[in-house]
Structures are given as C-alpha cells and as structure tokens.
>>> print(open('input-v7.txt').read())   # compact mmCIF, C-alpha atoms
# COMPACT_ATOMS: atom_id res chain seq x y z
CA MET Q 1 56.63 16.84 -35.07
CA PRO Q 2 56.70 17.88 -31.39
CA THR Q 3 59.62 20.10 -30.42
CA LEU Q 4 61.57 20.56 -27.20
CA LEU Q 5 63.37 23.89 -27.07
CA LEU Q 6 66.68 23.52 -25.20
CA THR Q 7 68.71 26.61 -24.35
CA GLY Q 8 72.13 27.28 -22.87
CA PHE Q 9 74.06 30.47 -22.16
CA GLU Q 10 77.22 32.00 -23.54
CA PRO Q 11 80.24 32.46 -21.20
CA PHE Q 12 79.95 35.36 -18.76
CA HIS Q 13 81.76 37.27 -16.02
CA THR Q 14 85.23 35.76 -15.51
CA HIS Q 15 84.24 32.29 -16.72
CA PRO Q 16 85.97 31.36 -19.99
CA ASP Q 17 83.45 28.66 -20.79
CA ASN Q 18 79.82 27.73 -20.13
CA PRO Q 19 78.97 24.04 -19.81
CA SER Q 20 75.30 24.74 -20.54
CA ALA Q 21 76.28 25.90 -24.04
CA HIS Q 22 78.19 22.67 -24.70
CA ALA Q 23 75.30 20.51 -23.47
CA ALA Q 24 72.76 22.37 -25.58
CA GLY Q 25 75.00 22.18 -28.63
CA ALA Q 26 75.67 18.47 -28.20
CA LEU Q 27 71.94 17.68 -27.96
CA ASP Q 28 70.80 19.91 -30.83
CA GLY Q 29 68.89 17.80 -33.35
CA LEU Q 30 68.43 14.87 -30.98
CA GLU Q 31 65.33 12.82 -31.72
CA ILE Q 32 63.55 11.53 -28.61
CA GLY Q 33 60.84 9.30 -29.98
CA GLU Q 34 58.82 11.61 -32.19
CA THR Q 35 60.11 14.77 -30.47
CA HIS Q 36 62.86 16.88 -32.01
CA VAL Q 37 65.28 18.81 -29.79
CA THR Q 38 66.08 22.31 -31.05
CA SER Q 39 68.90 24.04 -29.19
CA ALA Q 40 69.81 27.71 -28.97
CA LEU Q 41 72.36 29.85 -27.16
CA LEU Q 42 71.11 32.84 -25.16
CA PRO Q 43 73.06 36.02 -24.42
CA VAL Q 44 73.87 36.82 -20.79
CA GLU Q 45 71.92 40.06 -20.76
CA PRO Q 46 68.32 39.96 -19.60
CA HIS Q 47 66.56 42.03 -22.24
CA ALA Q 48 68.54 40.55 -25.13
CA ALA Q 49 67.89 37.07 -23.75
CA GLY Q 50 64.19 37.88 -23.49
CA ARG Q 51 64.06 39.03 -27.10
CA ALA Q 52 65.90 35.90 -28.22
CA LEU Q 53 63.46 33.74 -26.28
CA ASP Q 54 60.48 35.54 -27.81
CA THR Q 55 61.81 34.79 -31.29
CA LEU Q 56 62.46 31.15 -30.44
CA LEU Q 57 59.02 30.65 -28.90
CA ASP Q 58 57.27 32.38 -31.80
CA THR Q 59 59.27 30.51 -34.43
CA HIS Q 60 59.22 26.99 -33.03
CA HIS Q 61 56.02 26.92 -30.93
CA PRO Q 62 57.75 24.34 -28.71
CA ASP Q 63 55.85 21.64 -26.88
CA ALA Q 64 58.32 21.89 -24.00
CA VAL Q 65 61.04 24.33 -22.94
CA LEU Q 66 64.13 23.31 -20.98
CA MET Q 67 66.52 26.16 -20.23
CA THR Q 68 69.95 25.59 -18.72
CA GLY Q 69 72.71 27.72 -17.26
CA LEU Q 70 75.86 27.67 -15.14
CA ALA Q 71 75.75 27.90 -11.35
CA ALA Q 72 79.45 27.89 -10.50
CA GLY Q 73 79.91 26.65 -6.95
CA ARG Q 74 77.01 24.22 -6.90
CA PRO Q 75 78.27 20.62 -6.77
CA HIS Q 76 75.29 19.01 -8.52
CA VAL Q 77 72.80 19.61 -11.28
CA THR Q 78 69.78 21.44 -9.86
CA LEU Q 79 66.22 21.99 -10.99
CA GLU Q 80 64.80 25.42 -10.24
CA ARG Q 81 61.37 25.47 -8.65
CA VAL Q 82 60.48 29.13 -9.16
CA GLY Q 83 61.32 32.25 -11.14
CA LEU Q 84 60.80 35.64 -9.47
CA ASN Q 85 59.78 38.94 -11.04
CA VAL Q 86 62.97 40.59 -9.79
CA MET Q 87 66.39 41.46 -11.19
CA ASP Q 88 69.00 42.24 -8.57
CA PHE Q 89 72.65 41.48 -9.23
CA GLN Q 90 76.05 43.10 -8.73
CA ILE Q 91 77.96 40.91 -11.19
CA PRO Q 92 77.65 42.78 -14.50
CA ASP Q 93 75.91 41.01 -17.33
CA ASN Q 94 77.65 40.79 -20.69
CA ALA Q 95 76.41 44.27 -21.56
CA GLY Q 96 78.13 45.61 -18.44
CA GLN Q 97 74.86 46.31 -16.66
CA THR Q 98 73.80 45.63 -13.08
CA TYR Q 99 70.31 45.90 -11.57
CA GLN Q 100 68.84 46.47 -8.15
CA ASP Q 101 65.23 45.83 -7.15
CA ALA Q 102 64.19 45.95 -10.84
CA PRO Q 103 61.22 43.98 -12.19
CA ALA Q 104 61.87 41.26 -14.72
CA CYS Q 105 58.53 42.24 -16.24
CA PRO Q 106 57.12 45.72 -15.47
CA ASP Q 107 53.71 44.97 -17.04
CA ASP Q 108 50.69 45.74 -14.90
CA GLY Q 109 49.35 42.49 -13.53
CA ALA Q 110 52.57 40.55 -14.01
CA PRO Q 111 52.65 38.02 -11.15
CA PRO Q 112 55.41 38.13 -8.56
CA ALA Q 113 56.57 34.62 -9.49
CA TYR Q 114 56.03 31.64 -11.75
CA LEU Q 115 56.56 28.03 -10.73
CA SER Q 116 58.37 25.67 -13.06
CA THR Q 117 56.02 23.38 -14.97
CA LEU Q 118 58.67 20.74 -15.56
CA PRO Q 119 58.12 17.30 -13.96
CA LEU Q 120 60.68 18.00 -11.23
CA ARG Q 121 60.24 14.83 -9.21
CA ALA Q 122 60.24 12.63 -12.30
CA ILE Q 123 63.53 14.19 -13.44
CA MET Q 124 64.99 13.72 -9.98
CA ALA Q 125 64.00 10.04 -10.06
CA ALA Q 126 65.49 9.61 -13.53
CA TRP Q 127 68.77 11.17 -12.38
CA GLN Q 128 68.87 8.93 -9.33
CA GLY Q 129 68.25 5.88 -11.49
CA ALA Q 130 71.13 6.94 -13.75
CA GLY Q 131 73.49 7.52 -10.82
CA ILE Q 132 73.49 11.31 -11.11
CA PRO Q 133 73.19 13.33 -7.86
CA GLY Q 134 70.88 16.32 -8.12
CA HIS Q 135 68.40 18.36 -6.17
CA ILE Q 136 65.56 20.85 -6.44
CA SER Q 137 66.53 24.45 -5.73
CA ASN Q 138 64.13 27.01 -4.31
CA THR Q 139 66.09 29.96 -5.70
CA ALA Q 140 67.39 30.51 -9.21
CA GLY Q 141 69.16 33.64 -7.98
CA LEU Q 142 68.18 37.03 -9.36
CA TYR Q 143 70.55 37.01 -12.33
CA VAL Q 144 69.79 36.25 -15.99
CA CYS Q 145 68.91 32.59 -15.32
CA ASN Q 146 66.04 33.65 -13.07
CA TYR Q 147 65.04 36.26 -15.64
CA VAL Q 148 64.67 33.80 -18.52
CA LEU Q 149 62.72 31.34 -16.35
CA TYR Q 150 60.26 34.07 -15.43
CA HIS Q 151 60.18 35.53 -18.93
CA ALA Q 152 59.52 32.25 -20.72
CA ARG Q 153 56.74 31.26 -18.32
CA HIS Q 154 55.16 34.71 -18.64
CA ARG Q 155 55.40 34.72 -22.42
CA LEU Q 156 53.79 31.28 -22.67
CA ALA Q 157 51.03 32.29 -20.25
CA GLN Q 158 50.29 35.40 -22.31
CA ALA Q 159 50.05 33.25 -25.43
CA GLY Q 160 47.53 30.90 -23.80
CA ARG Q 161 50.14 28.15 -23.54
CA LYS Q 162 50.80 28.04 -19.80
CA HIS Q 163 50.31 24.26 -19.90
CA VAL Q 164 53.60 23.85 -21.84
CA PRO Q 165 56.26 22.21 -19.64
CA CYS Q 166 58.81 24.96 -19.05
CA GLY Q 167 61.57 25.40 -16.53
CA PHE Q 168 65.23 25.85 -15.74
CA LEU Q 169 68.12 23.51 -14.90
CA HIS Q 170 71.36 24.78 -13.40
CA VAL Q 171 74.56 22.86 -14.10
CA PRO Q 172 77.81 23.01 -12.12
CA ALA Q 173 81.16 24.09 -13.49
CA ASN Q 174 82.99 21.92 -15.97
CA ALA Q 175 86.75 21.43 -15.93
CA ALA Q 176 87.43 24.52 -18.07
CA VAL Q 177 85.58 26.75 -15.62
CA ALA Q 178 87.19 25.11 -12.58
CA LEU Q 179 90.70 25.39 -14.03
CA ALA Q 180 90.24 29.13 -14.55
CA TRP Q 181 89.08 29.65 -10.96
CA PRO Q 182 91.41 31.98 -8.98
CA ALA Q 183 94.01 30.06 -6.99
CA ASP Q 184 93.41 32.19 -3.87
CA ARG Q 185 89.77 31.11 -3.63
CA PRO Q 186 88.41 27.79 -2.32
CA PRO Q 187 88.47 25.06 -4.97
CA LEU Q 188 85.45 25.03 -7.27
CA PRO Q 189 83.44 21.79 -7.52
CA TYR Q 190 82.97 20.59 -11.07
CA LEU Q 191 81.69 17.74 -13.20
CA PRO Q 192 83.20 16.51 -16.46
CA GLN Q 193 81.38 17.98 -19.44
CA PRO Q 194 80.09 14.59 -20.70
CA GLU Q 195 78.42 13.98 -17.34
CA ILE Q 196 76.79 17.42 -17.43
CA THR Q 197 75.53 16.74 -20.94
CA ARG Q 198 74.23 13.34 -19.84
CA ALA Q 199 72.27 14.94 -17.00
CA VAL Q 200 70.69 17.46 -19.37
CA GLU Q 201 69.81 14.72 -21.85
CA ILE Q 202 68.15 12.62 -19.16
CA ALA Q 203 66.13 15.65 -18.06
CA ALA Q 204 65.07 16.30 -21.66
CA ARG Q 205 64.04 12.68 -22.17
CA THR Q 206 62.00 12.76 -18.97
CA VAL Q 207 60.23 15.96 -20.00
CA VAL Q 208 59.38 14.48 -23.40
CA GLN Q 209 57.79 11.43 -21.78
CA GLY Q 210 55.06 13.72 -20.43
CA ILE Q 211 54.17 15.29 -23.79
CA VAL Q 212 51.23 13.88 -25.74
CA PRO Q 213 50.50 15.67 -29.01
CA ILE Q 214 46.76 15.51 -29.71
CA GLN Q 215 44.30 17.08 -32.10
CA SER Q 216 41.85 19.59 -30.68
CA ALA Q 217 39.31 21.95 -32.15
CA ASP Q 218 41.05 24.98 -30.63
CA ASP Q 219 44.64 24.17 -31.50
CA PRO Q 220 45.39 21.15 -33.68
CA ALA Q 221 49.01 21.23 -32.59
CA LEU Q 222 48.32 21.64 -28.87
CA PRO Q 223 50.25 19.23 -26.58
CA LEU Q 224 48.80 18.18 -23.24
CA LEU Q 225 50.38 16.48 -20.26
CA ARG Q 226 49.48 12.97 -19.29
>>> encode(input="input-v7.txt", output="structure tokens")
Amino acid sequence: MPTLLLTGFEPFHTHPDNPSAHAAGALDGLEIGETHVTSALLPVEPHAAGRALDTLLDTHHPDAVLMTGLAAGRPHVTLERVGLNVMDFQIPDNAGQTYQDAPACPDDGAPPAYLSTLPLRAIMAAWQGAGIPGHISNTAGLYVCNYVLYHARHRLAQAGRKHVPCGFLHVPANAAVALAWPADRPPLPYLPQPEITRAVEIAARTVVQGIVPIQSADDPALPLLR
C-alpha cells in the first residue's frame, strides 16, 4: 500500500501549542484511496529532527512526504518552494542551541538548496476551490522547518528517490498560540485548528492524486508521478 508520511512539530520557544502537531495527529491513519497516511511528530532541534526523519524514511519508504510546521505571524497556510543548506537562527531550539552561518548538511557536494517536489500549484488550486486562502513562500526561514525540508530532500536524493514528492507546508497560529501571545505585541493572526487541519488534509489529498504505484524491474515498489 502506498504511504504518505506526514509530519508535524512539537511546541517550541514560547508557544504552548503547535497546530502542525494537531493536524498531523488528526490525519494519522487516514486512507486516501489506496494510500495510507502515517503521521509523526518531530523534535524542534535540527539534528534530532534529522535523525527522526532518517528513521521514518528508512522504515516506511514513503511514496510522498508532507512536512508541516508553525509560522506564527503568517495569516495563511503557505507552501515552501525551497530549502537552503543553511542554519541561522537566534531563537533557541528545544535543546537550547542557536546557529549562525552553519550548514544544514556539511557533506562535500551537498547542494546549496533543494526545491520542493510537491505539486505546489495544484495544492494552491485545491485550496482556492475549498475556500482556503494560501500562498507559495520563497523562504522557509533558516530555522528547523527549513532544515527538515533540506534534509528530507537530500536524504531521498542520496537514496536514489529524488522523484518522491517531498516538501513543507507552514501553518499559521491556532487559537491556543494566539491566546498566549504577549499583550504588549501586535495581535497575532490565527486560524481555528479545524481549518488548519482541513488545509493540511486537502494538501495531502492533492499530493496523493499525483502518485501512481507501478511495478518496475529496478524497484517493484517505486512510485512515479503522472
């Protein structure tokens, strides 16, 4: 059975909640046609998140990978176009670490960036048809969200599976995050959690529509895009 790996993140920084975790948890086990959604929660620490992703990719051999995370302050759901081979952030991760001008992958020959291989325009059209505002972002930031986008694409490429649809979706704050926002700062835009989960589900369904499991001499389980 084809598998879509869906990930969210644990809460981080001053946020008491993470809507990406709720969306991933709500959609775990969803059957989209013949495709099974397997969800997992990633730690907000780049190297631990990378190790967790490696285990998930090696265990499930997913036919598509949709990673999600919180971008507090953004008013809409956003698809990330590119992941950069850079870590540079002043907000400590959940291990208390910060990075400056550090590579996400120090391997010789690691490319400076990877583009998302998700069907970005198709997801945008599906959101519009469902009445959900969204847009394509040209920067995932240089925090852990950017790291896992780059890491997953690099890991799949190294495994000869760069054709696998893989990318990142940022979600806005939910009510729990917005309510915890400091009163002396400008109000934080948010969406109700069910609407965030609906947006992630629509994205997952759109990704699955492009997966065609076929038999091949090289890899009998290899999925190709239409």
>>> closest_residue(input="input-v7.txt", among="Q:Gly109, Q:Pro62, Q:Pro16, Q:Gly25", to="Q:Ala152", atoms="all atoms listed in the file")
Q:Pro62
>>> atom_distance(input="input-v7.txt", atom1="atom CA of Q:Ile196", atom2="atom CA of Q:Val171")
6.8 Å
>>> closest_atom_pairs(input="input-v7.txt", of="stretch 65-111 of chain Q", to="stretch 138-141 of chain Q", cutoff="7 Å", atoms="only C-alpha atoms", output="CSV")
residue,atom,partner,partner_atom,distance
Q:Glu80,CA,Q:Ala140,CA,5.8
Q:Arg81,CA,Q:Asn138,CA,5.4
Q:Val82,CA,Q:Asn138,CA,6.4
Q:Gly83,CA,Q:Ala140,CA,6.6
>>> residues_around(input="input-v7.txt", residues="Q:Ala49", least_positions_apart="4", cutoff="12 Å", atoms="all atoms listed in the file", output="short mmCIF file (atom, residue, chain, number, x, y, z; two decimals) with C-alpha atoms, in the frame of the given file")
data_model
loop_
_atom_site.label_atom_id
_atom_site.label_comp_id
_atom_site.auth_asym_id
_atom_site.auth_seq_id
_atom_site.Cartn_x
_atom_site.Cartn_y
_atom_site.Cartn_z
CA THR Q 7 68.71 26.61 -24.35
CA GLY Q 8 72.13 27.28 -22.87
CA PHE Q 9 74.06 30.47 -22.16
CA GLU Q 10 77.22 32.00 -23.54
CA ALA Q 40 69.81 27.71 -28.97
CA LEU Q 41 72.36 29.85 -27.16
CA LEU Q 42 71.11 32.84 -25.16
CA PRO Q 43 73.06 36.02 -24.42
CA VAL Q 44 73.87 36.82 -20.79
CA GLU Q 45 71.92 40.06 -20.76
CA LEU Q 53 63.46 33.74 -26.28
CA ASP Q 54 60.48 35.54 -27.81
CA THR Q 55 61.81 34.79 -31.29
CA LEU Q 56 62.46 31.15 -30.44
CA MET Q 67 66.52 26.16 -20.23
CA ASP Q 93 75.91 41.01 -17.33
CA ASN Q 94 77.65 40.79 -20.69
CA ALA Q 95 76.41 44.27 -21.56
CA ALA Q 104 61.87 41.26 -14.72
CA TYR Q 143 70.55 37.01 -12.33
CA VAL Q 144 69.79 36.25 -15.99
CA CYS Q 145 68.91 32.59 -15.32
CA ASN Q 146 66.04 33.65 -13.07
CA TYR Q 147 65.04 36.26 -15.64
CA VAL Q 148 64.67 33.80 -18.52
CA LEU Q 149 62.72 31.34 -16.35
CA TYR Q 150 60.26 34.07 -15.43
CA HIS Q 151 60.18 35.53 -18.93
CA ALA Q 152 59.52 32.25 -20.72
#
>>> atom_distance(input="input-v7.txt", atom1="atom CA of Q:Leu70", atom2="atom CA of Q:Glu34")
29.0 Å
>>> atom_distance(input="input-v7.txt", atom1="atom CA of Q:Gln193", atom2="atom CA of Q:Trp181")
16.4 Å
